[in-house]
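Enquirer: Below you'll find coords23.txt; it's compact mmCIF, C-alpha atoms.
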```txt
# COMPACT_ATOMS: atom_id res chain seq x y z
CA MET A 1 201.76 184.06 155.71
CA HIS A 2 198.78 181.75 156.22
CA VAL A 3 196.35 181.04 153.41
CA THR A 4 193.17 178.98 153.32
CA VAL A 5 193.17 176.55 150.42
CA TYR A 6 189.93 174.98 149.21
CA TYR A 7 189.91 171.41 147.89
CA HIS A 8 187.58 169.89 145.30
CA ALA A 9 186.39 166.45 144.17
CA PHE A 10 189.21 163.87 144.36
CA LEU A 11 191.39 166.09 146.56
CA ARG A 12 188.58 166.88 149.00
CA GLU A 13 187.63 163.23 149.40
CA LYS A 14 191.20 161.93 149.62
CA LEU A 15 192.12 164.56 152.22
CA GLY A 16 188.80 164.26 154.03
CA ARG A 17 188.36 168.05 154.28
CA GLU A 18 187.03 170.95 152.22
CA SER A 19 189.73 173.44 153.13
CA GLU A 20 192.96 173.78 155.02
CA LEU A 21 195.15 176.52 156.43
CA LEU A 22 198.62 176.29 154.85
CA VAL A 23 201.73 178.14 156.00
CA LEU A 24 203.72 179.86 153.23
CA LEU A 25 207.33 180.48 154.21
CA ASN A 26 208.27 182.93 151.43
CA GLU A 27 208.26 186.67 152.11
CA SER A 28 206.32 187.33 148.91
CA PRO A 29 204.56 184.04 148.15
CA SER A 30 203.40 182.96 144.71
CA ALA A 31 200.94 180.34 143.54
CA GLY A 32 203.95 178.02 143.25
CA SER A 33 204.60 178.47 147.00
CA ILE A 34 201.11 177.13 147.66
CA LEU A 35 201.86 173.94 145.74
CA ASN A 36 205.13 173.55 147.67
CA ALA A 37 203.36 174.01 150.99
CA PHE A 38 200.63 171.58 149.92
CA VAL A 39 203.17 168.88 148.99
CA ALA A 40 205.13 169.50 152.20
CA ALA A 41 201.94 168.95 154.20
CA HIS A 42 200.81 165.98 152.08
CA PRO A 43 203.86 164.26 150.53
CA GLU A 44 201.67 161.46 149.14
CA PHE A 45 200.44 164.03 146.55
CA THR A 46 203.93 164.81 145.21
CA THR A 47 203.32 163.12 141.83
CA LEU A 48 199.77 164.41 141.40
CA ALA A 49 200.90 167.96 142.28
CA ASN A 50 202.19 168.37 138.70
CA SER A 51 198.64 167.86 137.40
CA LEU A 52 196.94 170.32 139.75
CA ASN A 53 195.70 173.75 138.74
CA ILE A 54 195.48 176.70 141.10
CA ALA A 55 192.66 179.23 140.97
CA VAL A 56 193.10 182.56 142.73
CA ASN A 57 189.96 184.66 143.11
CA ASP A 58 188.20 182.52 140.48
CA GLU A 59 190.94 182.74 137.84
CA ILE A 60 193.40 180.00 136.85
CA VAL A 61 196.88 181.34 137.49
CA GLY A 62 200.46 180.37 136.69
CA SER A 63 202.98 179.49 139.40
CA GLU A 64 204.55 183.01 139.34
CA THR A 65 201.35 184.83 140.34
CA SER A 66 201.69 186.54 143.73
CA ILE A 67 199.36 185.67 146.56
CA GLN A 68 197.75 187.80 149.29
CA ALA A 69 196.51 186.30 152.56
CA SER A 70 192.96 187.46 151.72
CA ASP A 71 192.86 185.67 148.33
CA ARG A 72 190.36 182.93 147.64
CA ILE A 73 192.54 179.95 146.67
CA ASP A 74 191.23 176.71 145.12
CA LEU A 75 193.34 173.67 144.34
CA LEU A 76 191.86 171.88 141.32
CA PRO A 77 192.49 168.18 140.57
CA PRO A 78 192.56 166.89 136.95
CA TYR A 79 189.28 167.61 135.17
CA GLY A 80 186.71 165.03 134.10
CA GLY A 81 183.92 166.94 132.38
CA GLY A 82 182.06 165.77 129.28
CA MET B 1 174.46 181.47 138.20
CA SER B 2 175.00 182.77 134.71
CA VAL B 3 172.43 184.90 132.86
CA ASP B 4 173.97 183.80 129.57
CA PRO B 5 171.42 181.22 128.26
CA TYR B 6 174.05 179.59 126.04
CA ILE B 7 176.18 178.51 129.00
CA LEU B 8 174.54 176.37 131.67
CA LEU B 9 175.60 174.10 134.52
CA THR B 10 172.48 172.50 135.92
CA ARG B 11 171.28 169.69 138.17
CA ASP B 12 168.19 169.32 135.95
CA GLN B 13 168.02 166.92 133.00
CA LEU B 14 169.37 168.33 129.76
CA ASP B 15 167.13 168.82 126.73
CA ALA B 16 169.29 168.40 123.62
CA GLN B 17 166.58 169.62 121.24
CA ALA B 18 166.06 172.76 123.30
CA VAL B 19 169.79 173.51 123.09
CA GLU B 20 169.68 172.96 119.30
CA ARG B 21 166.75 175.39 119.02
CA LEU B 22 168.72 177.89 121.07
CA VAL B 23 171.46 178.10 118.44
CA ALA B 24 169.24 177.88 115.31
CA ASP B 25 169.27 181.12 113.34
CA PRO B 26 167.98 182.28 109.94
CA GLY B 27 171.58 183.07 109.00
CA ALA B 28 172.82 179.56 109.76
CA GLY B 29 172.73 176.76 107.19
CA GLY B 30 173.15 174.07 109.78
CA VAL B 31 173.25 173.09 113.42
CA VAL B 32 175.61 170.40 114.74
CA ALA B 33 175.17 169.04 118.25
CA PHE B 34 177.22 166.70 120.40
CA VAL B 35 175.34 164.91 123.16
CA GLY B 36 177.47 163.10 125.73
CA LEU B 37 175.54 160.24 127.35
CA THR B 38 176.21 158.26 130.49
CA ARG B 39 177.40 154.82 129.38
CA ASP B 40 176.76 151.62 131.34
CA HIS B 41 180.39 150.43 131.17
CA HIS B 42 183.91 151.86 131.35
CA LEU B 43 187.26 150.06 131.12
CA GLY B 44 185.52 146.70 131.37
CA ARG B 45 183.45 147.52 134.45
CA GLY B 46 179.71 147.98 134.75
CA VAL B 47 178.78 151.59 135.54
CA LEU B 48 175.66 152.46 137.56
CA GLY B 49 175.81 156.21 137.15
CA LEU B 50 177.95 159.31 137.38
CA GLU B 51 178.18 162.28 139.65
CA TYR B 52 179.48 165.65 138.46
CA GLU B 53 180.67 168.63 140.40
CA ALA B 54 182.44 171.83 139.41
CA HIS B 55 184.05 175.02 140.59
CA LEU B 56 180.87 176.71 139.42
CA ILE B 57 182.03 180.32 139.02
CA LEU B 58 185.23 179.36 137.26
CA ALA B 59 183.63 176.62 135.14
CA GLU B 60 180.95 179.02 133.85
CA LYS B 61 183.57 181.61 133.11
CA MET B 62 185.77 179.12 131.25
CA LEU B 63 182.86 177.65 129.29
CA ALA B 64 181.90 181.17 128.17
CA LYS B 65 185.49 181.87 127.16
CA LEU B 66 185.67 178.56 125.29
CA ARG B 67 182.43 179.40 123.48
CA ASP B 68 183.79 182.86 122.57
CA ASP B 69 187.03 181.30 121.28
CA ALA B 70 185.09 178.82 119.13
CA MET B 71 182.74 181.53 117.80
CA GLN B 72 185.73 183.53 116.58
CA ARG B 73 187.93 180.67 115.43
CA PHE B 74 185.22 178.91 113.39
CA GLY B 75 183.09 181.95 112.51
CA LEU B 76 180.01 180.46 114.14
CA VAL B 77 176.60 182.10 114.25
CA ARG B 78 175.83 180.79 117.75
CA ALA B 79 177.15 178.21 120.20
CA ALA B 80 175.81 176.74 123.43
CA ILE B 81 177.24 174.41 126.07
CA HIS B 82 175.02 172.87 128.74
CA HIS B 83 176.53 170.50 131.31
CA ARG B 84 174.84 168.41 133.98
CA MET B 85 175.82 168.60 137.66
CA GLY B 86 175.12 166.07 140.40
CA ARG B 87 173.93 162.52 139.82
CA VAL B 88 173.42 161.43 136.19
CA GLU B 89 171.78 158.09 135.45
CA ILE B 90 172.69 155.69 132.61
CA GLY B 91 171.41 156.92 129.24
CA GLU B 92 170.96 160.51 130.41
CA ALA B 93 172.86 163.35 128.78
CA SER B 94 175.81 164.70 130.76
CA VAL B 95 176.68 167.39 128.23
CA VAL B 96 175.04 169.01 125.20
CA ILE B 97 177.06 171.18 122.85
CA ALA B 98 175.27 172.80 119.89
CA VAL B 99 176.66 175.19 117.32
CA SER B 100 175.30 176.86 114.21
CA SER B 101 177.19 178.21 111.25
CA ALA B 102 176.59 179.36 107.68
CA HIS B 103 178.20 176.17 106.32
CA ARG B 104 178.43 172.69 107.82
CA ALA B 105 182.20 172.15 107.95
CA ALA B 106 182.75 174.90 110.53
CA ALA B 107 179.94 173.55 112.71
CA PHE B 108 181.32 169.98 112.73
CA ASP B 109 184.85 171.21 113.48
CA ALA B 110 183.69 173.60 116.21
CA CYS B 111 181.62 170.95 117.96
CA ARG B 112 184.57 168.60 118.18
CA PHE B 113 186.87 171.42 119.29
CA LEU B 114 184.46 172.38 122.07
CA ILE B 115 184.04 168.90 123.58
CA ASP B 116 187.79 168.19 123.36
CA GLU B 117 188.70 171.51 125.02
CA LEU B 118 185.96 171.20 127.64
CA LYS B 119 187.42 167.92 128.86
CA THR B 120 190.89 169.35 129.45
CA THR B 121 190.33 173.01 130.39
CA VAL B 122 187.09 173.37 132.39
CA PRO B 123 187.05 172.60 136.14
CA ILE B 124 184.33 169.97 136.13
CA TRP B 125 184.86 166.64 137.91
CA LYS B 126 183.27 163.25 137.35
CA LYS B 127 182.86 160.35 139.76
CA GLU B 128 181.93 156.89 138.43
CA PHE B 129 179.82 154.44 140.44
CA TYR B 130 180.22 150.73 139.61
CA SER B 131 177.77 147.84 139.54
CA ASP B 132 180.25 145.41 141.17
CA GLY B 133 180.02 147.41 144.39
CA SER B 134 183.64 148.56 144.26
CA GLU B 135 184.69 152.03 145.43
CA PRO B 136 183.52 154.91 143.21
CA VAL B 137 186.37 156.54 141.28
CA TRP B 138 187.10 160.12 140.12
CA VAL B 139 187.94 159.95 136.43
CA GLY B 140 190.45 162.25 134.71
CA PRO B 141 190.42 163.81 131.22
CA ASP B 142 192.02 160.68 129.73
CA GLY B 143 189.18 158.57 131.14
CA LYS B 144 191.51 156.91 133.64
CA PRO B 145 191.04 156.99 137.41
CA ILE B 146 192.79 159.83 139.21
CA ALA B 147 195.25 158.41 141.72
CA VAL B 148 198.01 159.61 144.02
```
What is this structure when it is put down as structure tokens?
Expert:
Amino acid sequence: MHVTVYYHAFLREKLGRESELLVLLNESPSAGSILNAFVAAHPEFTTLANSLNIAVNDEIVGSETSIQASDRIDLLPPYGGG
Amino acid sequence: MSVDPYILLTRDQLDAQAVERLVADPGAGGVVAFVGLTRDHHLGRGVLGLEYEAHLILAEKMLAKLRDDAMQRFGLVRAAIHHRMGRVEIGEASVVIAVSSAHRAAAFDACRFLIDELKTTVPIWKKEFYSDGSEPVWVGPDGKPIAV
């Protein structure tokens, strides 16, 4: 399955792009599969990956949440509000 | 954008007194507000200004949820959270949190709870620009630069 992942703030600038098509190898992919695919594509983010949140259709989800190809997926770097 | 006047992400300057008036109520014995200002230094470096961005839909949703949690947990009368987006100059407010409650202790506690939770749970990002001309840096919830 292919999913489009949207990047924000630090991630967007570091990667130099706003979104990216990632390939998920699992038959029934979860949010965790997205992180794995992201790290596989960008190994330099392996450490930071633990601090990323995933939003699916504008909700923060846990790594077990299943993913559809049509989902809106955002990868969120550590927050800095306030 | 949200139609809830108590929750606001805006590129316009924040008006702390207006947010305080928003939460004032005849049933409340006090209003406590926290105003976060853009400081001219951080970790020993001169700061020229900040730039904020957010996942707007999610950030508004999470701010509203945070407000609802605080209302219930501290028994508040009203609570409002307004946060700046885009460029914020030194001395300008980046965030205004105001709460009202029947008695002062709940209002003080709720205000602190809200700013602490906002920093760690709401998808808002902050970039710092420095006076020494060095590269701007995205700053994490602990105030330290985000790095790979």
Enquirer: I'd like the contact shell of Asp58 (chain A) - 6 Å cut-off, all atoms listed in the file, skipping same-chain residues fewer than 2 positions apart - returned as a list in words.
Expert: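 Those residues are Ala55 and Val56 of chain A; Leu58 of chain B.
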Enquirer: For Gly143 (chain B), work out the shell of residues within 9 Å, counting only C-alpha atoms and skipping chain neighbours fewer than 4 positions away, then give it as a list of chain:residue names.
Expert: A:Gly80, B:His42, B:Leu43, B:Val139
Enquirer: What is the distance, in Å and to one decimal place, between CA of Gly29 (chain B) and CA of Ala102 (chain B)?
Expert: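 Result for CA of Gly29 (chain B) versus CA of Ala102 (chain B): 4.7 Å, one decimal.
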Enquirer: Using all atoms listed in the file, find the residues of chain B whose closest atom to chain A is at most 7 Å away, then write them as an MDAnalysis selection string.
Expert: chainID B and resid 36 57:58 94:95 115 118:120 122:126 138:141 148
Enquirer: With only C-alpha atoms as the counted atoms, please give the residues lying no more than 12 Å from Ala37 (chain A), apart from itself and same-chain residues fewer than 4 positions off, as a PDB file with C-alpha atoms, in the coordinates of the input.
Expert:
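Below is the file that was written, part_34.pdb:
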```
ATOM      1  CA  MET A   1     201.760 184.060 155.710  1.00  0.00           C
ATOM      2  CA  HIS A   2     198.780 181.750 156.220  1.00  0.00           C
ATOM      3  CA  VAL A   3     196.350 181.040 153.410  1.00  0.00           C
ATOM      4  CA  THR A   4     193.170 178.980 153.320  1.00  0.00           C
ATOM      5  CA  VAL A   5     193.170 176.550 150.420  1.00  0.00           C
ATOM      6  CA  GLU A  20     192.960 173.780 155.020  1.00  0.00           C
ATOM      7  CA  LEU A  21     195.150 176.520 156.430  1.00  0.00           C
ATOM      8  CA  LEU A  22     198.620 176.290 154.850  1.00  0.00           C
ATOM      9  CA  VAL A  23     201.730 178.140 156.000  1.00  0.00           C
ATOM     10  CA  LEU A  24     203.720 179.860 153.230  1.00  0.00           C
ATOM     11  CA  LEU A  25     207.330 180.480 154.210  1.00  0.00           C
ATOM     12  CA  ASN A  26     208.270 182.930 151.430  1.00  0.00           C
ATOM     13  CA  PRO A  29     204.560 184.040 148.150  1.00  0.00           C
ATOM     14  CA  SER A  30     203.400 182.960 144.710  1.00  0.00           C
ATOM     15  CA  ALA A  31     200.940 180.340 143.540  1.00  0.00           C
ATOM     16  CA  GLY A  32     203.950 178.020 143.250  1.00  0.00           C
ATOM     17  CA  SER A  33     204.600 178.470 147.000  1.00  0.00           C
ATOM     18  CA  ALA A  41     201.940 168.950 154.200  1.00  0.00           C
ATOM     19  CA  HIS A  42     200.810 165.980 152.080  1.00  0.00           C
ATOM     20  CA  PRO A  43     203.860 164.260 150.530  1.00  0.00           C
ATOM     21  CA  PHE A  45     200.440 164.030 146.550  1.00  0.00           C
ATOM     22  CA  THR A  46     203.930 164.810 145.210  1.00  0.00           C
ATOM     23  CA  ALA A  49     200.900 167.960 142.280  1.00  0.00           C
TER      24      ALA A  49
END
```
Enquirer: Quick one: residues within 9 Å of Leu22 (chain B), only C-alpha atoms counted, chain neighbours fewer than 3 positions away excluded, as a list in words?
Expert: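 What passes the distance filter is Pro5, Tyr6, Gln17, Ala18, Val19, Asp25, Arg78, Ala79, Ala80 and Ala98 of chain B.
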Enquirer: Go through B:Ile81, B:Gly44, B:Asp109, B:Lys144 one by one, measure the shortest atom-to-atom distance of each to Leu66 (chain B) using only C-alpha atoms, and give the residue with the smallest value.
Expert: B:Ile81
Enquirer: Measure the distance from CA of Leu37 (chain B) to CA of Asp69 (chain B) in Å and round it to one decimal.
Expert: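 According to the coordinates, CA of Leu37 (chain B) and CA of Asp69 (chain B) are separated by 24.7 Å.
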Enquirer: Measuring between all atoms listed in the file, which one of B:Leu48, B:Thr121, B:Asp68, B:Ala54 shows the shortest distance to Tyr7 (chain A)?
Expert: B:Ala54
Enquirer: Mind listing whatever residues come within 12 Å of the point (174.7, 183.2, 132.3)? Use all atoms listed in the file, file coordinates, and give them as an MDAnalysis selection string.
Expert: chainID B and resid 1:10 56:57 59:64 80:82
Enquirer: Could you write out the selected residues, including C-alpha atoms, as a PDB file, in the coordinates of the input?
Expert:
```
ATOM      1  CA  MET B   1     174.460 181.470 138.200  1.00  0.00           C
ATOM      2  CA  SER B   2     175.000 182.770 134.710  1.00  0.00           C
ATOM      3  CA  VAL B   3     172.430 184.900 132.860  1.00  0.00           C
ATOM      4  CA  ASP B   4     173.970 183.800 129.570  1.00  0.00           C
ATOM      5  CA  PRO B   5     171.420 181.220 128.260  1.00  0.00           C
ATOM      6  CA  TYR B   6     174.050 179.590 126.040  1.00  0.00           C
ATOM      7  CA  ILE B   7     176.180 178.510 129.000  1.00  0.00           C
ATOM      8  CA  LEU B   8     174.540 176.370 131.670  1.00  0.00           C
ATOM      9  CA  LEU B   9     175.600 174.100 134.520  1.00  0.00           C
ATOM     10  CA  THR B  10     172.480 172.500 135.920  1.00  0.00           C
ATOM     11  CA  LEU B  56     180.870 176.710 139.420  1.00  0.00           C
ATOM     12  CA  ILE B  57     182.030 180.320 139.020  1.00  0.00           C
ATOM     13  CA  ALA B  59     183.630 176.620 135.140  1.00  0.00           C
ATOM     14  CA  GLU B  60     180.950 179.020 133.850  1.00  0.00           C
ATOM     15  CA  LYS B  61     183.570 181.610 133.110  1.00  0.00           C
ATOM     16  CA  MET B  62     185.770 179.120 131.250  1.00  0.00           C
ATOM     17  CA  LEU B  63     182.860 177.650 129.290  1.00  0.00           C
ATOM     18  CA  ALA B  64     181.900 181.170 128.170  1.00  0.00           C
ATOM     19  CA  ALA B  80     175.810 176.740 123.430  1.00  0.00           C
ATOM     20  CA  ILE B  81     177.240 174.410 126.070  1.00  0.00           C
ATOM     21  CA  HIS B  82     175.020 172.870 128.740  1.00  0.00           C
TER      22      HIS B  82
END
```
